[in-house]
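Below: one structure, written as structure tokens.
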Amino acid sequence: MRGLLLLVLATMVAGCSVAPATDDGGIEHVTVTGLEDVRFSSAHIRQGVWSPGEFEREARGGIFFVDPPVAGRTVVLFIHGINGSPRDFRFLIEHLDRSRFQACVFFYASGSSLAQIGRELAEDIGELHRRHDIESLVLVGHSIGGLIARDLVLHRSSHPDVDIPLLITMSAPWGGVPSAGVGIRFSPVVIDSWRDIASGSGYLSSLFVDADGSTRDLPVSTRHYLLFSYRKSWSSFGLSGDAVTSVASQLFRTAQQQAYRVYGFDVSHSEILRNGGVVNVLDEALRSLSSQNTKAAL
């Protein structure tokens, strides 16, 4: 079987370097750094997959400004997928109008449970608000980064001072990844995020269904742009997909129904991050946000 499992099983663990301390002696989780920062190295990515506890103890993760923050710019926060890093968004960030929008990236241990990652992200967004007076931001998530982003939007109480008017997801496995279930059954080492993305997991269910069985809707104040990819590799068999995630999973019915816009791209799971059409959709979504703000001010 192919999929996310094969991507992570191809790697091993390594790492070094520590995040800066704050004036009060704690660890700062909101800093400024370029995409070439050593924190985003392949060694640290592997550490985050296979040794997330060590990754957290050495404080590798957090929210990072790609450029020094400037007041008045709309913050766009990019969230990578499993076995990924902020560098995955290089193309999209290069095509972002950085005179109007502030690019930020979230780096995390993608082997951790997704609920835990969501809690860490909420804490970092709280720090973003306290340190830089950020009251609104746009979320852009790739693969499981999209799941984490939706989870954050649903838990409004975890970031009460920061609004999220736009949620843009790419190639997110809303319906799960069957190969993750295979990994849980047969791999000698099982990482927590596999449990969450396995088809039928409690985590995936919680993104769309409340404990009482009712549907969980996105807030009316958040517009979801759902982007999916559908180019199979030459050696792929079975369900239509993007060589990692099936189209059926990406187009999970409830996710489609709640989306403001749905766009498909004839690219692979990773190629969607380097596609001009995606740049156009991102620009369209951000322009619509600017239009909303202008109307609200009138």
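Labeling convention for the structure tokens: chains A, B, ... as they appear, residues from 1 per chain, ligands from 1 in order of appearance.
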Checklist entry - Where does DSSP see strand (DSSP E) in segment 14-134 of chain A, if you list the residues as a ChimeraX atom specification? => result /A:30-32,62-65,74-79,101-107
Checklist entry - Which neighbours of Tyr230 of chain A fall inside 9 Å, counting only C-alpha atoms, when residues of the same chain fewer than 5 positions from it are skipped, and could you give them as an NGL selection string? => result :A and (171 or 240-243 or 245-247 or 264-269)
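Closest approach to Ala149 of chain A among A:Leu96, A:Leu77, A:Val209, A:Ala198: A:Leu77, based on only C-alpha atoms.
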Can you list every residue of segment 144-222 of chain A that has an atom at most 6 Å from segment 106-116 of chain A, with its nearest atom pair and the distance in Å to one decimal, using only C-alpha atoms, ordered by chain then number, as a tab-separated table?
residue	atom	partner	partner_atom	distance
A:Ile191	CA	A:Gly111	CA	5.5
A:Asp192	CA	A:Ser113	CA	4.9
A:Ser193	CA	A:Ser113	CA	4.8
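Each of A:Pro160, A:Gly84, A:Gly72, A:Gly145 was compared to His129 of chain A using only C-alpha atoms, and A:Pro160 turns out to be the nearest.
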Next on the checklist: Could you list, as an MDAnalysis selection string, every residue within 12 Å of Gln47 of chain A, counting only C-alpha atoms and ignoring same-chain residues fewer than 3 positions away?
Outcome noted: chainID A and resid 8 11:16 39:44 50:61 82:85 108:112 191
Compile a residue-level contact table for segment 182-251 of chain A against segment 154-158 of chain A at a cut-off of 10 Å, reporting for every qualifying residue the shortest atom pair and its distance in Å to one decimal, with only C-alpha atoms counted, rows ordered by chain and ascending number, as a tab-separated table.
residue	atom	partner	partner_atom	distance
A:Ser206	CA	A:Leu154	CA	9.8
A:Leu207	CA	A:Leu154	CA	7.8
A:Phe208	CA	A:Leu154	CA	9.4
A:Arg216	CA	A:Leu154	CA	8.0
A:Asp217	CA	A:Leu154	CA	7.9
A:Leu218	CA	A:Leu154	CA	6.2
A:Pro219	CA	A:Leu154	CA	7.3
A:Thr222	CA	A:Leu154	CA	9.9
Store the residues picked out above in a file with all heavy atoms, as a PDB file, in the first residue's frame.
ATOM      1  N   SER A 206     -14.457  13.675  15.294  1.00  0.00           N
ATOM      2  CA  SER A 206     -14.678  14.877  16.101  1.00  0.00           C
ATOM      3  C   SER A 206     -14.619  16.158  15.275  1.00  0.00           C
ATOM      4  O   SER A 206     -15.102  17.201  15.710  1.00  0.00           O
ATOM      5  CB  SER A 206     -13.637  14.956  17.228  1.00  0.00           C
ATOM      6  OG  SER A 206     -12.347  15.295  16.726  1.00  0.00           O
ATOM      7  N   LEU A 207     -14.034  16.090  14.080  1.00  0.00           N
ATOM      8  CA  LEU A 207     -13.957  17.269  13.218  1.00  0.00           C
ATOM      9  C   LEU A 207     -15.293  17.591  12.563  1.00  0.00           C
ATOM     10  O   LEU A 207     -15.488  18.697  12.044  1.00  0.00           O
ATOM     11  CB  LEU A 207     -12.898  17.069  12.129  1.00  0.00           C
ATOM     12  CG  LEU A 207     -11.447  16.915  12.587  1.00  0.00           C
ATOM     13  CD1 LEU A 207     -10.544  16.718  11.375  1.00  0.00           C
ATOM     14  CD2 LEU A 207     -10.991  18.120  13.399  1.00  0.00           C
ATOM     15  N   PHE A 208     -16.224  16.615  12.581  1.00  0.00           N
ATOM     16  CA  PHE A 208     -17.492  16.807  11.885  1.00  0.00           C
ATOM     17  C   PHE A 208     -18.727  16.450  12.712  1.00  0.00           C
ATOM     18  O   PHE A 208     -19.831  16.823  12.336  1.00  0.00           O
ATOM     19  CB  PHE A 208     -17.496  15.964  10.598  1.00  0.00           C
ATOM     20  CG  PHE A 208     -16.399  16.334   9.646  1.00  0.00           C
ATOM     21  CD1 PHE A 208     -15.233  15.585   9.573  1.00  0.00           C
ATOM     22  CD2 PHE A 208     -16.518  17.445   8.823  1.00  0.00           C
ATOM     23  CE1 PHE A 208     -14.214  15.938   8.697  1.00  0.00           C
ATOM     24  CE2 PHE A 208     -15.510  17.807   7.949  1.00  0.00           C
ATOM     25  CZ  PHE A 208     -14.349  17.058   7.881  1.00  0.00           C
ATOM     26  N   ARG A 216     -21.076  19.023  13.361  1.00  0.00           N
ATOM     27  CA  ARG A 216     -20.312  20.190  13.807  1.00  0.00           C
ATOM     28  C   ARG A 216     -20.086  21.104  12.618  1.00  0.00           C
ATOM     29  O   ARG A 216     -19.412  20.740  11.650  1.00  0.00           O
ATOM     30  CB  ARG A 216     -18.964  19.787  14.398  1.00  0.00           C
ATOM     31  CG  ARG A 216     -19.045  18.924  15.634  1.00  0.00           C
ATOM     32  CD  ARG A 216     -17.689  18.801  16.287  1.00  0.00           C
ATOM     33  NE  ARG A 216     -17.303  20.040  16.967  1.00  0.00           N
ATOM     34  CZ  ARG A 216     -16.147  20.212  17.593  1.00  0.00           C
ATOM     35  NH1 ARG A 216     -15.245  19.230  17.592  1.00  0.00           N
ATOM     36  NH2 ARG A 216     -15.873  21.349  18.208  1.00  0.00           N
ATOM     37  N   ASP A 217     -20.641  22.283  12.672  1.00  0.00           N
ATOM     38  CA  ASP A 217     -20.497  23.249  11.588  1.00  0.00           C
ATOM     39  C   ASP A 217     -19.350  24.205  11.871  1.00  0.00           C
ATOM     40  O   ASP A 217     -19.091  24.554  13.026  1.00  0.00           O
ATOM     41  CB  ASP A 217     -21.782  24.060  11.427  1.00  0.00           C
ATOM     42  CG  ASP A 217     -22.963  23.205  11.005  1.00  0.00           C
ATOM     43  OD1 ASP A 217     -22.770  22.336  10.125  1.00  0.00           O
ATOM     44  OD2 ASP A 217     -24.070  23.393  11.551  1.00  0.00           O
ATOM     45  N   LEU A 218     -18.718  24.660  10.807  1.00  0.00           N
ATOM     46  CA  LEU A 218     -17.741  25.735  10.951  1.00  0.00           C
ATOM     47  C   LEU A 218     -18.480  27.016  11.330  1.00  0.00           C
ATOM     48  O   LEU A 218     -19.641  27.199  10.967  1.00  0.00           O
ATOM     49  CB  LEU A 218     -16.984  25.951   9.639  1.00  0.00           C
ATOM     50  CG  LEU A 218     -15.990  24.870   9.222  1.00  0.00           C
ATOM     51  CD1 LEU A 218     -15.496  25.142   7.806  1.00  0.00           C
ATOM     52  CD2 LEU A 218     -14.815  24.803  10.185  1.00  0.00           C
ATOM     53  N   PRO A 219     -17.835  27.925  12.047  1.00  0.00           N
ATOM     54  CA  PRO A 219     -18.473  29.204  12.356  1.00  0.00           C
ATOM     55  C   PRO A 219     -18.864  29.940  11.077  1.00  0.00           C
ATOM     56  O   PRO A 219     -18.152  29.860  10.064  1.00  0.00           O
ATOM     57  CB  PRO A 219     -17.381  29.970  13.115  1.00  0.00           C
ATOM     58  CG  PRO A 219     -16.440  28.927  13.616  1.00  0.00           C
ATOM     59  CD  PRO A 219     -16.465  27.823  12.600  1.00  0.00           C
ATOM     60  N   THR A 222     -16.266  32.088   9.332  1.00  0.00           N
ATOM     61  CA  THR A 222     -15.080  31.498   8.698  1.00  0.00           C
ATOM     62  C   THR A 222     -15.448  30.911   7.344  1.00  0.00           C
ATOM     63  O   THR A 222     -16.306  30.032   7.251  1.00  0.00           O
ATOM     64  CB  THR A 222     -14.473  30.395   9.577  1.00  0.00           C
ATOM     65  OG1 THR A 222     -14.099  30.933  10.845  1.00  0.00           O
ATOM     66  CG2 THR A 222     -13.242  29.792   8.915  1.00  0.00           C
TER      67      THR A 222
END
Next on the checklist: Applying 10 Å and only C-alpha atoms, which residues near Ser201 of chain A remain after dropping the ones on its own chain fewer than 4 positions away? List them as a ChimeraX atom specification.
Outcome noted: /A:175-177,181,194-197,205-206
